[in-house]
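The next block is upload_5.cif, given as mmCIF, C-alpha atoms and all ligand atoms.
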```cif
data_query
loop_
_atom_site.label_atom_id
_atom_site.label_comp_id
_atom_site.auth_asym_id
_atom_site.auth_seq_id
_atom_site.Cartn_x
_atom_site.Cartn_y
_atom_site.Cartn_z
CA MET T 273 0.00 0.00 0.00
CA GLU T 274 2.66 2.47 -1.09
CA GLY T 275 0.12 5.18 -1.92
CA ASN T 276 -1.50 4.72 1.47
CA TYR T 277 1.83 5.19 3.23
CA VAL T 278 2.25 8.53 1.47
CA GLU T 279 -1.28 9.48 2.53
CA LEU T 280 -0.52 8.48 6.13
CA VAL T 281 2.63 10.61 6.24
CA GLY T 282 0.57 13.50 4.86
CA PHE T 283 -2.01 12.94 7.57
CA ILE T 284 0.64 12.98 10.33
CA ALA T 285 2.18 16.15 8.87
CA GLU T 286 -1.22 17.86 8.66
CA ASN T 287 -2.10 17.03 12.26
CA SER T 288 1.29 17.79 13.79
CA GLY T 289 2.12 20.99 11.92
CA LEU T 290 5.48 19.50 10.87
CA GLU T 291 6.80 19.25 7.32
CA VAL T 292 6.38 15.99 5.40
CA SER T 293 10.18 15.73 5.04
CA GLU T 294 10.55 16.05 8.82
CA ILE T 295 8.02 13.24 9.40
CA GLU T 296 9.81 11.04 6.87
CA ARG T 297 13.13 11.67 8.61
CA LYS T 298 11.61 10.68 11.96
CA ILE T 299 10.16 7.50 10.44
CA GLU T 300 13.51 6.52 8.91
CA ALA T 301 15.29 7.20 12.20
CA LYS T 302 12.75 5.08 14.08
CA GLN T 303 13.13 2.24 11.60
CA ALA T 304 16.92 2.43 11.82
CA LYS T 305 16.78 2.40 15.61
CA LEU T 306 14.60 -0.69 15.58
CA ALA T 307 16.98 -2.35 13.13
CA GLY T 308 14.42 -3.43 10.56
CA LEU T 309 12.06 -4.96 13.11
CA ILE T 310 9.30 -2.62 12.05
CA SER T 311 7.78 -1.73 8.68
CA LYS T 312 7.74 1.91 7.58
CA GLU T 313 3.94 1.87 8.07
CA GLY T 314 4.47 0.58 11.62
CA ALA T 315 7.16 3.19 12.28
CA ALA T 316 4.82 5.91 10.99
CA GLN T 317 2.23 4.86 13.55
CA VAL T 318 4.80 4.95 16.35
CA ILE T 319 5.79 8.47 15.28
CA ALA T 320 2.12 9.49 15.18
CA ALA T 321 1.70 8.23 18.76
CA GLU T 322 4.86 10.09 19.87
CA LEU T 323 3.45 13.27 18.34
CA ASN T 324 0.23 12.71 20.28
CA ILE T 325 -1.75 12.23 17.12
CA ASN T 326 -4.54 10.12 18.36
CA PHE T 327 -6.16 8.08 15.64
CA ASP T 328 -8.80 7.11 18.22
CA LYS T 329 -10.50 10.42 17.86
CA GLN T 330 -9.54 11.29 14.30
CA GLU T 331 -11.38 10.28 11.23
CA ILE T 332 -9.24 9.07 8.39
CA LYS T 333 -9.89 8.53 4.70
CA ILE T 334 -9.94 5.03 3.25
CA LYS T 335 -6.76 5.71 1.27
CA GLN T 336 -4.88 6.48 4.50
CA ILE T 337 -5.44 3.00 5.93
CA VAL T 338 -2.24 0.95 6.16
CA PRO T 339 -1.68 -2.68 7.28
CA GLY T 340 -1.54 -3.15 11.05
CA MET T 341 -3.58 -0.05 11.79
CA ARG T 342 -5.98 -0.27 14.72
CA LYS T 343 -8.77 1.91 16.04
CA ILE T 344 -9.75 3.15 12.61
CA ASN T 345 -12.53 5.74 12.48
CA LEU T 346 -14.12 6.77 9.22
CA THR T 347 -17.25 7.86 7.44
CA GLY T 348 -18.31 6.37 4.13
CA LYS T 349 -21.17 5.47 1.87
CA ILE T 350 -22.36 1.89 1.46
CA VAL T 351 -22.08 1.23 -2.27
CA ASN T 352 -22.65 -2.53 -2.17
CA LEU T 353 -24.48 -4.24 0.67
CA PHE T 354 -24.13 -8.04 0.61
CA PRO T 355 -26.71 -10.46 2.05
CA ILE T 356 -26.10 -11.53 5.66
CA ARG T 357 -24.40 -14.93 5.70
CA GLU T 358 -24.61 -17.65 8.30
CA TYR T 359 -21.59 -19.73 9.18
CA ASN T 360 -21.05 -22.90 11.12
CA LYS T 361 -17.44 -23.85 11.55
CA ASN T 362 -15.55 -25.84 14.17
CA GLY T 363 -18.58 -25.90 16.48
CA ARG T 364 -19.04 -22.14 16.29
CA SER T 365 -21.92 -20.59 14.46
CA GLY T 366 -23.16 -17.12 13.83
CA ARG T 367 -23.82 -14.51 11.20
CA ILE T 368 -21.54 -12.25 9.17
CA GLY T 369 -22.55 -8.98 7.59
CA SER T 370 -20.48 -7.29 4.89
CA PHE T 371 -20.52 -4.40 2.46
CA ILE T 372 -18.29 -2.16 0.38
CA ILE T 373 -17.91 1.35 1.75
CA ALA T 374 -16.57 4.24 -0.33
CA ASP T 375 -15.39 7.80 0.34
CA GLU T 376 -13.74 10.50 -1.78
CA THR T 377 -10.42 8.64 -1.78
CA SER T 378 -11.08 4.92 -2.23
CA ASN T 379 -13.28 2.00 -1.22
CA ILE T 380 -12.92 -1.05 1.00
CA ARG T 381 -14.82 -4.15 2.08
CA VAL T 382 -16.18 -4.03 5.65
CA VAL T 383 -16.95 -7.18 7.65
CA LEU T 384 -19.26 -7.18 10.68
CA TRP T 385 -18.99 -9.92 13.32
CA ASP T 386 -21.13 -8.48 16.12
CA GLU T 387 -24.79 -9.54 16.29
CA ASN T 388 -25.90 -6.05 17.35
CA HIS T 389 -24.25 -4.56 14.25
CA ILE T 390 -25.64 -7.24 11.96
CA GLU T 391 -29.10 -6.61 13.38
CA LEU T 392 -28.84 -3.00 12.12
CA ILE T 393 -28.59 -4.41 8.59
CA ALA T 394 -31.46 -6.85 9.22
CA LYS T 395 -33.63 -3.98 10.46
CA GLY T 396 -32.68 -1.78 7.48
CA GLU T 397 -31.05 0.93 9.62
CA ILE T 398 -27.84 0.28 7.74
CA LYS T 399 -28.72 0.09 4.08
CA GLN T 400 -27.50 0.36 0.52
CA GLU T 401 -26.51 3.98 -0.37
CA GLY T 402 -26.59 4.94 3.32
CA VAL T 403 -23.77 7.02 4.80
CA ILE T 404 -22.37 5.51 7.99
CA GLU T 405 -19.80 6.26 10.68
CA ILE T 406 -17.47 3.55 11.87
CA VAL T 407 -15.49 3.78 15.12
CA ASN T 408 -12.67 1.49 16.27
CA ALA T 409 -12.31 -0.89 13.34
CA THR T 410 -9.17 -2.88 12.50
CA ILE T 411 -7.62 -3.80 9.17
CA ARG T 412 -7.16 -7.49 8.38
CA ASN T 413 -6.17 -8.90 4.96
CA GLY T 414 -7.07 -5.63 3.28
CA GLU T 415 -10.57 -5.60 4.80
CA LEU T 416 -12.00 -3.50 7.60
CA HIS T 417 -13.25 -5.68 10.49
CA LEU T 418 -15.71 -4.60 13.17
CA THR T 419 -15.93 -6.50 16.45
CA SER T 420 -18.06 -5.94 19.56
CA PHE T 421 -15.55 -3.22 20.54
CA SER T 422 -16.39 -1.27 17.38
CA GLU T 423 -19.28 1.06 16.72
CA ILE T 424 -21.32 1.64 13.61
CA LYS T 425 -24.17 4.04 13.04
CA ALA T 426 -26.01 5.95 10.34
CA SER T 427 -24.50 9.37 9.67
CA GLY T 428 -26.18 12.62 8.71
CA LYS T 429 -23.23 13.58 6.52
CA ALA T 430 -23.34 13.56 2.74
CA ILE T 431 -20.46 12.22 0.68
CA ASP T 432 -20.03 13.40 -2.89
CA ASN T 433 -17.61 12.17 -5.53
CA ILE T 434 -17.07 8.72 -4.13
CA VAL T 435 -14.37 6.55 -5.67
CA MET T 436 -15.89 3.34 -7.06
CA GLU T 437 -12.91 1.90 -8.94
CA LYS T 438 -11.23 -0.94 -7.13
CA PRO T 439 -7.91 0.36 -5.83
CA THR T 440 -5.06 -1.34 -7.66
CA LEU T 441 -1.71 -1.50 -5.96
CA THR T 442 1.54 -2.21 -7.71
CA LYS T 443 3.30 -4.84 -5.66
CA LYS T 444 5.85 -7.60 -5.69
CA ILE T 445 4.31 -11.07 -5.56
CA SER T 446 5.99 -11.68 -2.18
CA GLU T 447 3.91 -8.78 -0.81
CA PHE T 448 0.55 -10.00 -2.13
CA ASN T 449 -2.13 -10.34 0.57
CA ALA T 450 -5.48 -12.09 0.30
CA ASN T 451 -8.16 -9.82 -1.24
CA ASP T 452 -5.61 -7.35 -2.65
CA ASN T 453 -6.40 -5.88 -6.03
CA VAL T 454 -2.93 -5.69 -7.47
CA SER T 455 -0.94 -5.26 -10.58
CA SER T 456 2.51 -6.70 -11.04
CA ARG T 457 5.18 -7.24 -13.70
CA ALA T 458 5.96 -10.92 -13.85
CA PHE T 459 7.11 -13.71 -16.13
CA ILE T 460 4.96 -16.66 -17.13
CA VAL T 461 7.10 -19.57 -15.97
CA GLN T 462 4.74 -22.53 -16.20
CA MET T 463 1.49 -23.20 -18.03
CA PHE T 464 -1.08 -25.99 -17.81
CA GLU T 465 -3.62 -27.22 -20.38
CA PRO T 466 -6.86 -25.23 -20.71
CA ARG T 467 -9.85 -26.77 -18.97
CA PHE T 468 -13.44 -26.52 -20.14
CA PHE T 469 -16.74 -26.28 -18.32
CA TYR T 470 -20.34 -25.33 -19.14
CA THR T 471 -22.47 -22.57 -17.67
CA CYS T 472 -26.13 -21.61 -17.81
CA PRO T 473 -26.60 -18.56 -20.12
CA GLU T 474 -29.21 -17.14 -17.71
CA CYS T 475 -27.49 -17.32 -14.30
CA ARG T 476 -23.91 -18.20 -15.37
CA LYS T 477 -23.81 -21.00 -12.83
CA LYS T 478 -22.47 -24.42 -13.70
CA ALA T 479 -24.65 -26.46 -16.07
CA VAL T 480 -24.18 -30.21 -16.49
CA ASP T 481 -25.47 -31.90 -19.69
CA ASN T 482 -27.33 -28.68 -20.63
CA GLN T 483 -29.20 -28.76 -17.31
CA CYS T 484 -29.19 -25.83 -14.88
CA GLN T 485 -30.34 -26.49 -11.32
CA GLU T 486 -32.41 -23.35 -11.41
CA HIS T 487 -33.38 -22.92 -15.06
CA GLY T 488 -33.83 -26.53 -16.15
CA ARG T 489 -32.94 -27.41 -19.73
CA VAL T 490 -30.72 -24.75 -21.36
CA VAL T 491 -28.22 -24.49 -24.19
CA ALA T 492 -25.13 -24.20 -22.01
CA ASP T 493 -22.21 -21.89 -22.86
CA LYS T 494 -18.81 -23.52 -23.17
CA LYS T 495 -16.22 -21.71 -21.07
CA ALA T 496 -12.51 -22.19 -20.64
CA LEU T 497 -10.02 -21.50 -17.90
CA LEU T 498 -6.26 -21.61 -17.94
CA ASN T 499 -3.91 -22.01 -15.00
CA PHE T 500 -0.36 -20.78 -15.14
CA VAL T 501 2.38 -19.73 -12.75
CA ILE T 502 3.79 -16.20 -12.66
CA ASP T 503 7.12 -15.25 -11.11
CA ASP T 504 8.67 -11.80 -10.60
CA GLY T 505 11.84 -12.86 -8.82
CA SER T 506 10.40 -12.17 -5.36
CA ASP T 507 8.04 -15.16 -5.43
CA SER T 508 5.80 -17.15 -7.72
CA MET T 509 2.04 -17.61 -7.68
CA ARG T 510 -0.50 -19.88 -9.31
CA SER T 511 -2.83 -17.84 -11.47
CA VAL T 512 -6.08 -18.44 -13.25
CA VAL T 513 -7.54 -16.66 -16.24
CA PHE T 514 -11.12 -17.23 -17.45
CA SER T 515 -12.66 -17.19 -20.96
CA GLU T 516 -13.10 -13.48 -21.51
CA GLN T 517 -9.52 -12.59 -20.55
CA LEU T 518 -8.15 -15.80 -22.01
CA GLU T 519 -9.54 -14.80 -25.43
CA LYS T 520 -7.42 -11.64 -25.22
CA MET T 521 -4.33 -13.83 -24.77
CA MET T 522 -4.98 -16.25 -27.61
CA THR T 523 -7.51 -17.07 -30.32
CA LYS T 524 -10.45 -19.44 -29.82
CA ASP T 525 -8.68 -21.97 -32.05
CA GLU T 526 -5.53 -21.79 -29.92
CA ILE T 527 -7.64 -22.42 -26.80
CA GLU T 528 -9.53 -25.38 -28.28
CA ASN T 529 -6.99 -27.08 -30.51
CA PRO T 530 -4.24 -28.80 -28.46
CA GLU T 531 -1.64 -28.51 -31.23
CA LEU T 532 -2.20 -24.80 -31.79
CA PHE T 533 -2.26 -24.34 -28.01
CA ALA T 534 1.14 -26.02 -27.68
CA VAL T 535 2.64 -23.53 -30.15
CA LYS T 536 1.07 -20.54 -28.36
CA LYS T 537 2.16 -21.86 -24.96
CA ASN T 538 5.74 -22.09 -26.20
CA ASP T 539 5.50 -18.49 -27.32
CA LEU T 540 4.12 -17.23 -23.97
CA LEU T 541 6.43 -19.12 -21.63
CA GLY T 542 9.16 -16.82 -20.38
CA LYS T 543 7.32 -13.69 -21.52
CA GLU T 544 7.11 -10.75 -19.18
CA MET T 545 3.57 -9.48 -18.66
CA ILE T 546 1.76 -6.83 -16.65
CA VAL T 547 -0.90 -8.78 -14.77
CA LYS T 548 -3.80 -7.28 -12.87
CA GLY T 549 -6.21 -9.14 -10.68
CA GLN T 550 -7.35 -10.15 -7.25
CA VAL T 551 -5.56 -12.37 -4.75
CA ARG T 552 -7.96 -14.99 -3.41
CA VAL T 553 -7.59 -17.74 -0.89
CA ASN T 554 -8.21 -21.06 -2.63
CA SER T 555 -10.58 -22.58 -0.06
CA LEU T 556 -9.71 -26.12 -1.15
CA PHE T 557 -5.96 -25.82 -0.63
CA GLY T 558 -5.77 -22.79 1.67
CA ASN T 559 -3.11 -21.14 -0.49
CA ASN T 560 -3.33 -17.85 -2.36
CA GLU T 561 -4.31 -17.81 -6.00
CA PHE T 562 -4.28 -14.90 -8.43
CA ILE T 563 -7.51 -14.35 -10.38
CA ILE T 564 -6.41 -12.39 -13.42
CA ASN T 565 -8.72 -9.72 -14.83
CA GLY T 566 -6.25 -7.84 -16.99
CA LEU T 567 -3.14 -8.89 -18.81
CA GLU T 568 -0.81 -7.25 -21.29
CA GLU T 569 2.67 -7.76 -22.58
CA VAL T 570 5.27 -5.44 -21.15
CA ASN T 571 5.72 -2.71 -23.68
CA MET T 572 9.08 -1.11 -23.01
CA ASP T 573 8.32 2.03 -25.04
CA LYS T 574 5.14 2.62 -23.04
CA LEU T 575 6.93 2.02 -19.73
CA ILE T 576 9.63 4.52 -20.59
CA GLU T 577 6.98 7.00 -21.69
CA GLU T 578 5.27 6.66 -18.29
CA LEU T 579 8.53 7.03 -16.39
CA GLU T 580 9.23 10.25 -18.26
CA LYS T 581 5.90 11.80 -17.24
ZN ZN T 601 -29.42 -21.04 -14.66
#
```
I'd like the structure from this file rewritten - as structure tokens, please.
Ligand SMILES: [Zn+2]
Amino acid sequence: MEGNYVELVGFIAENSGLEVSEIERKIEAKQAKLAGLISKEGAAQVIAAELNINFDKQEIKIKQIVPGMRKINLTGKIVNLFPIREYNKNGRSGRIGSFIIADETSNIRVVLWDENHIELIAKGEIKQEGVIEIVNATIRNGELHLTSFSEIKASGKAIDNIVMEKPTLTKKISEFNANDNVSSRAFIVQMFEPRFFYTCPECRKKAVDNQCQEHGRVVADKKALLNFVIDDGSDSMRSVVFSEQLEKMMTKDEIENPELFAVKKNDLLGKEMIVKGQVRVNSLFGNNEFIINGLEEVNMDKLIEELEK
């Protein structure tokens, strides 16, 4: 969250009256003193505490959130309210509420664990498009979590110009966290055969023998997925690309015809690409997997052009 770190330093400067360069110097000194035991985000929070900047009572913007931050207070608009889910795991059961909240700087998924908070959704006091205030939340895997120590309530404030685009961070693979929306430059180092499956054209769920559980007999769509491994030198990660994106990588014939696929695969292996997507936990294996939603070959001319801006 490089951009968020910059935002955090700006926030500390604003609330302490010191220059940004002065704050950065203090952070570097703190990190040096702790001999690499603390991240620069962590050091920034220590400096904030030393300067008596109390996040407890301050509202921050979504873009200022950094990993490890506690006692987060913010106001945002609910742009996507998800249905309440029930869980039953290891003898514990309960409900989970979740939604995406947005402000003028970014957006983030919020997860509610407390029954009293979830009841506010059930009763419609917390609703789609509603502006809410959150007090004392923590950040976990790139999501905001509210426990029984947190507060949530409807706010009278209005928020204009909310940011709806998913924030994309540029990161090394070794720094990928679950649920991150990231972009990275990496090489394709291994590629498997495409796999095919069928979906219902109405609900896009799996259809077996042209039968959808919900819509009965349908003419199912044939879809493909391709698994490959990307590596950027810091780490490697198993990735998956589905039909729509896959068709931007290769032609339909190359996807369907094993011989043509073999030629294309040979061409792609070892190629450096800019990959964008979301890091997801594969529930079957418990490891992280990269769901690719954008992919392009590294264009050196374009990169240089951007660096010169
Ligand atoms: Zn269906």
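Minimum atom-to-atom distances from T:Lys477, T:Lys305, T:Arg412, T:Lys444 to ligand ZN 601 (chain T) were compared using only C-alpha atoms and all ligand atoms, and the lowest value belongs to T:Lys477.
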Select from chain T every residue with an atom at most 7 Å from any atom of ligand ZN 601 (chain T), then for each give the shortest pair of atoms and their distance in Å to one decimal, using all atoms listed in the file, rows by chain and rising number, as a tab-separated table.
```
residue	atom	partner	partner_atom	distance
T:Cys472	CA	T:ZN601	ZN	4.6
T:Pro473	CA	T:ZN601	ZN	6.6
T:Glu474	CA	T:ZN601	ZN	5.0
T:Cys475	CA	T:ZN601	ZN	4.2
T:Arg476	CA	T:ZN601	ZN	6.2
T:Lys477	CA	T:ZN601	ZN	5.9
T:Cys484	CA	T:ZN601	ZN	4.8
T:Gln485	CA	T:ZN601	ZN	6.5
T:Glu486	CA	T:ZN601	ZN	5.0
T:His487	CA	T:ZN601	ZN	4.4
```
Against range 361-377 of chain T, which residues of range 396-461 of chain T fall within 8 Å? For each one I want the closest pair of atoms and the distance in Å (one decimal), counting all atoms listed in the file, rows by chain and increasing residue number, as JSON lines.
```
{"residue": "T:Ile431", "atom": "CA", "partner": "T:Asp375", "partner_atom": "CA", "distance": 6.7}
{"residue": "T:Asp432", "atom": "CA", "partner": "T:Glu376", "partner_atom": "CA", "distance": 7.0}
{"residue": "T:Asn433", "atom": "CA", "partner": "T:Glu376", "partner_atom": "CA", "distance": 5.6}
{"residue": "T:Ile434", "atom": "CA", "partner": "T:Glu376", "partner_atom": "CA", "distance": 4.4}
{"residue": "T:Val435", "atom": "CA", "partner": "T:Glu376", "partner_atom": "CA", "distance": 5.6}
{"residue": "T:Met436", "atom": "CA", "partner": "T:Ala374", "partner_atom": "CA", "distance": 6.8}
```
| request: Report the distance between CA of Met341 in chain T and CA of Val318 in chain T in Å, rounded to one decimal place. | output: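 Answer for the CA of Met341 in chain T to CA of Val318 in chain T separation: 10.8 Å.
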Residues within 12 Å of Thr347 in chain T, please, as a short mmCIF file (atom, residue, chain, number, x, y, z; two decimals) with C-alpha atoms, in the frame of the given file. Count all atoms listed in the file; anything in the same chain fewer than 5 positions from it doesn't count.
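Output saved as part.cif:
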```
data_model
loop_
_atom_site.label_atom_id
_atom_site.label_comp_id
_atom_site.auth_asym_id
_atom_site.auth_seq_id
_atom_site.Cartn_x
_atom_site.Cartn_y
_atom_site.Cartn_z
CA GLN T 330 -9.54 11.29 14.30
CA GLU T 331 -11.38 10.28 11.23
CA ILE T 332 -9.24 9.07 8.39
CA LYS T 333 -9.89 8.53 4.70
CA ILE T 334 -9.94 5.03 3.25
CA ILE T 373 -17.91 1.35 1.75
CA ALA T 374 -16.57 4.24 -0.33
CA ASP T 375 -15.39 7.80 0.34
CA GLU T 376 -13.74 10.50 -1.78
CA THR T 377 -10.42 8.64 -1.78
CA SER T 378 -11.08 4.92 -2.23
CA ASN T 379 -13.28 2.00 -1.22
CA ILE T 380 -12.92 -1.05 1.00
CA GLY T 402 -26.59 4.94 3.32
CA VAL T 403 -23.77 7.02 4.80
CA ILE T 404 -22.37 5.51 7.99
CA GLU T 405 -19.80 6.26 10.68
CA ILE T 406 -17.47 3.55 11.87
CA VAL T 407 -15.49 3.78 15.12
CA ASN T 408 -12.67 1.49 16.27
CA ALA T 409 -12.31 -0.89 13.34
CA GLU T 423 -19.28 1.06 16.72
CA ILE T 424 -21.32 1.64 13.61
CA LYS T 425 -24.17 4.04 13.04
CA ALA T 426 -26.01 5.95 10.34
CA SER T 427 -24.50 9.37 9.67
CA GLY T 428 -26.18 12.62 8.71
CA LYS T 429 -23.23 13.58 6.52
CA ALA T 430 -23.34 13.56 2.74
CA ILE T 431 -20.46 12.22 0.68
CA ILE T 434 -17.07 8.72 -4.13
#
```
Rows by chain and residue number, range 444-542 of chain T within 10 Å of range 552-570 of chain T, shortest pair, all atoms listed in the file, as CSV:
```
residue,atom,partner,partner_atom,distance
T:Ile445,CA,T:Phe562,CA,9.8
T:Phe448,CA,T:Asn560,CA,8.8
T:Asn449,CA,T:Asn560,CA,8.2
T:Ala450,CA,T:Arg552,CA,5.3
T:Asn451,CA,T:Arg552,CA,5.6
T:Asp452,CA,T:Arg552,CA,8.0
T:Asn453,CA,T:Phe562,CA,9.6
T:Val454,CA,T:Phe562,CA,9.4
T:Ser455,CA,T:Gly566,CA,8.7
T:Ser456,CA,T:Leu567,CA,9.9
T:Arg457,CA,T:Val570,CA,7.7
T:Ala458,CA,T:Val570,CA,9.2
T:Phe459,CA,T:Glu569,CA,9.8
T:Asn499,CA,T:Ile563,CA,9.6
T:Phe500,CA,T:Phe562,CA,9.7
T:Val501,CA,T:Phe562,CA,9.3
T:Ile502,CA,T:Phe562,CA,9.2
T:Met509,CA,T:Glu561,CA,6.6
T:Arg510,CA,T:Glu561,CA,5.5
T:Ser511,CA,T:Phe562,CA,4.5
T:Val512,CA,T:Ile563,CA,5.2
T:Val513,CA,T:Ile564,CA,5.2
T:Phe514,CA,T:Ile564,CA,7.9
T:Glu516,CA,T:Asn565,CA,8.8
T:Gln517,CA,T:Asn565,CA,6.4
T:Leu518,CA,T:Leu567,CA,9.1
T:Lys520,CA,T:Leu567,CA,8.2
T:Met521,CA,T:Leu567,CA,7.8
T:Leu540,CA,T:Glu569,CA,9.7
```
| query | So how many Å separate CA of Met522 in chain T and CA of Lys536 in chain T, to one decimal? | reply |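 Rounded to one decimal, the two atoms are 7.5 Å apart.
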| task | May I ask for the distance between CA of Ala320 in chain T and CA of Ser288 in chain T, given in Å to one decimal place? | result |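 Separating CA of Ala320 in chain T from CA of Ser288 in chain T is a distance of 8.5 Å.
Near Gln317 in chain T, within 9 Å and counting all atoms listed in the file, sit Leu280, Ile284, Ile299 and Met341 of chain T; same-chain residues fewer than 6 positions away were not included.
Comparing T:Val338, T:Val461, T:Trp385, T:Glu279 by their smallest distance to Tyr359 in chain T, the closest is T:Trp385 (using only C-alpha atoms).
Nearest-residue note for Asp386 in chain T: choosing from T:His417, T:Val551, T:Ala534, T:Lys399, the minimum distance belongs to T:His417, counting all atoms listed in the file.
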Nearby residues, (1.0, 13.6, 13.3) file frame, 8 Å, all atoms listed in the file, as an mmCIF file with C-alpha atoms, keeping the file's coordinate frame:
```
data_model
loop_
_atom_site.group_PDB
_atom_site.id
_atom_site.type_symbol
_atom_site.label_atom_id
_atom_site.label_comp_id
_atom_site.auth_asym_id
_atom_site.auth_seq_id
_atom_site.Cartn_x
_atom_site.Cartn_y
_atom_site.Cartn_z
ATOM 1 C CA VAL T 281 2.630 10.610 6.240
ATOM 2 C CA PHE T 283 -2.010 12.940 7.570
ATOM 3 C CA ILE T 284 0.640 12.980 10.330
ATOM 4 C CA ALA T 285 2.180 16.150 8.870
ATOM 5 C CA GLU T 286 -1.220 17.860 8.660
ATOM 6 C CA ASN T 287 -2.100 17.030 12.260
ATOM 7 C CA SER T 288 1.290 17.790 13.790
ATOM 8 C CA GLY T 289 2.120 20.990 11.920
ATOM 9 C CA LEU T 290 5.480 19.500 10.870
ATOM 10 C CA ILE T 319 5.790 8.470 15.280
ATOM 11 C CA ALA T 320 2.120 9.490 15.180
ATOM 12 C CA ALA T 321 1.700 8.230 18.760
ATOM 13 C CA LEU T 323 3.450 13.270 18.340
ATOM 14 C CA ASN T 324 0.230 12.710 20.280
ATOM 15 C CA ILE T 325 -1.750 12.230 17.120
#
```
| said: Could you list, as a ChimeraX atom specification, every residue within 6 Å of Tyr470 in chain T, counting all atoms listed in the file and ignoring same-chain residues fewer than 2 positions away? | reply: /T:478-479,492-495
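Minimum atom-to-atom distance to Leu416 in chain T, evaluated using all atoms listed in the file, belongs to T:Gly340 out of T:Val490, T:Thr471, T:Gly340, T:Val351.
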Export range 444-493 of chain T of the preceding structure, keeping C-alpha atoms, as a JSON list (two decimals), in the first residue's frame.
```
[["chain", "number", "residue", "atom", "x", "y", "z"],
["T", 444, "LYS", "CA", 5.85, -7.60, -5.69],
["T", 445, "ILE", "CA", 4.31, -11.07, -5.56],
["T", 446, "SER", "CA", 5.99, -11.68, -2.18],
["T", 447, "GLU", "CA", 3.91, -8.78, -0.81],
["T", 448, "PHE", "CA", 0.55, -10.00, -2.13],
["T", 449, "ASN", "CA", -2.13, -10.34, 0.57],
["T", 450, "ALA", "CA", -5.48, -12.09, 0.30],
["T", 451, "ASN", "CA", -8.16, -9.82, -1.24],
["T", 452, "ASP", "CA", -5.61, -7.35, -2.65],
["T", 453, "ASN", "CA", -6.40, -5.88, -6.03],
["T", 454, "VAL", "CA", -2.93, -5.69, -7.47],
["T", 455, "SER", "CA", -0.94, -5.26, -10.58],
["T", 456, "SER", "CA", 2.51, -6.70, -11.04],
["T", 457, "ARG", "CA", 5.18, -7.24, -13.70],
["T", 458, "ALA", "CA", 5.96, -10.92, -13.85],
["T", 459, "PHE", "CA", 7.11, -13.71, -16.13],
["T", 460, "ILE", "CA", 4.96, -16.66, -17.13],
["T", 461, "VAL", "CA", 7.10, -19.57, -15.97],
["T", 462, "GLN", "CA", 4.74, -22.53, -16.20],
["T", 463, "MET", "CA", 1.49, -23.20, -18.03],
["T", 464, "PHE", "CA", -1.08, -25.99, -17.81],
["T", 465, "GLU", "CA", -3.62, -27.22, -20.38],
["T", 466, "PRO", "CA", -6.86, -25.23, -20.71],
["T", 467, "ARG", "CA", -9.85, -26.77, -18.97],
["T", 468, "PHE", "CA", -13.44, -26.52, -20.14],
["T", 469, "PHE", "CA", -16.74, -26.28, -18.32],
["T", 470, "TYR", "CA", -20.34, -25.33, -19.14],
["T", 471, "THR", "CA", -22.47, -22.57, -17.67],
["T", 472, "CYS", "CA", -26.13, -21.61, -17.81],
["T", 473, "PRO", "CA", -26.60, -18.56, -20.12],
["T", 474, "GLU", "CA", -29.21, -17.14, -17.71],
["T", 475, "CYS", "CA", -27.49, -17.32, -14.30],
["T", 476, "ARG", "CA", -23.91, -18.20, -15.37],
["T", 477, "LYS", "CA", -23.81, -21.00, -12.83],
["T", 478, "LYS", "CA", -22.47, -24.42, -13.70],
["T", 479, "ALA", "CA", -24.65, -26.46, -16.07],
["T", 480, "VAL", "CA", -24.18, -30.21, -16.49],
["T", 481, "ASP", "CA", -25.47, -31.90, -19.69],
["T", 482, "ASN", "CA", -27.33, -28.68, -20.63],
["T", 483, "GLN", "CA", -29.20, -28.76, -17.31],
["T", 484, "CYS", "CA", -29.19, -25.83, -14.88],
["T", 485, "GLN", "CA", -30.34, -26.49, -11.32],
["T", 486, "GLU", "CA", -32.41, -23.35, -11.41],
["T", 487, "HIS", "CA", -33.38, -22.92, -15.06],
["T", 488, "GLY", "CA", -33.83, -26.53, -16.15],
["T", 489, "ARG", "CA", -32.94, -27.41, -19.73],
["T", 490, "VAL", "CA", -30.72, -24.75, -21.36],
["T", 491, "VAL", "CA", -28.22, -24.49, -24.19],
["T", 492, "ALA", "CA", -25.13, -24.20, -22.01],
["T", 493, "ASP", "CA", -22.21, -21.89, -22.86]]
```
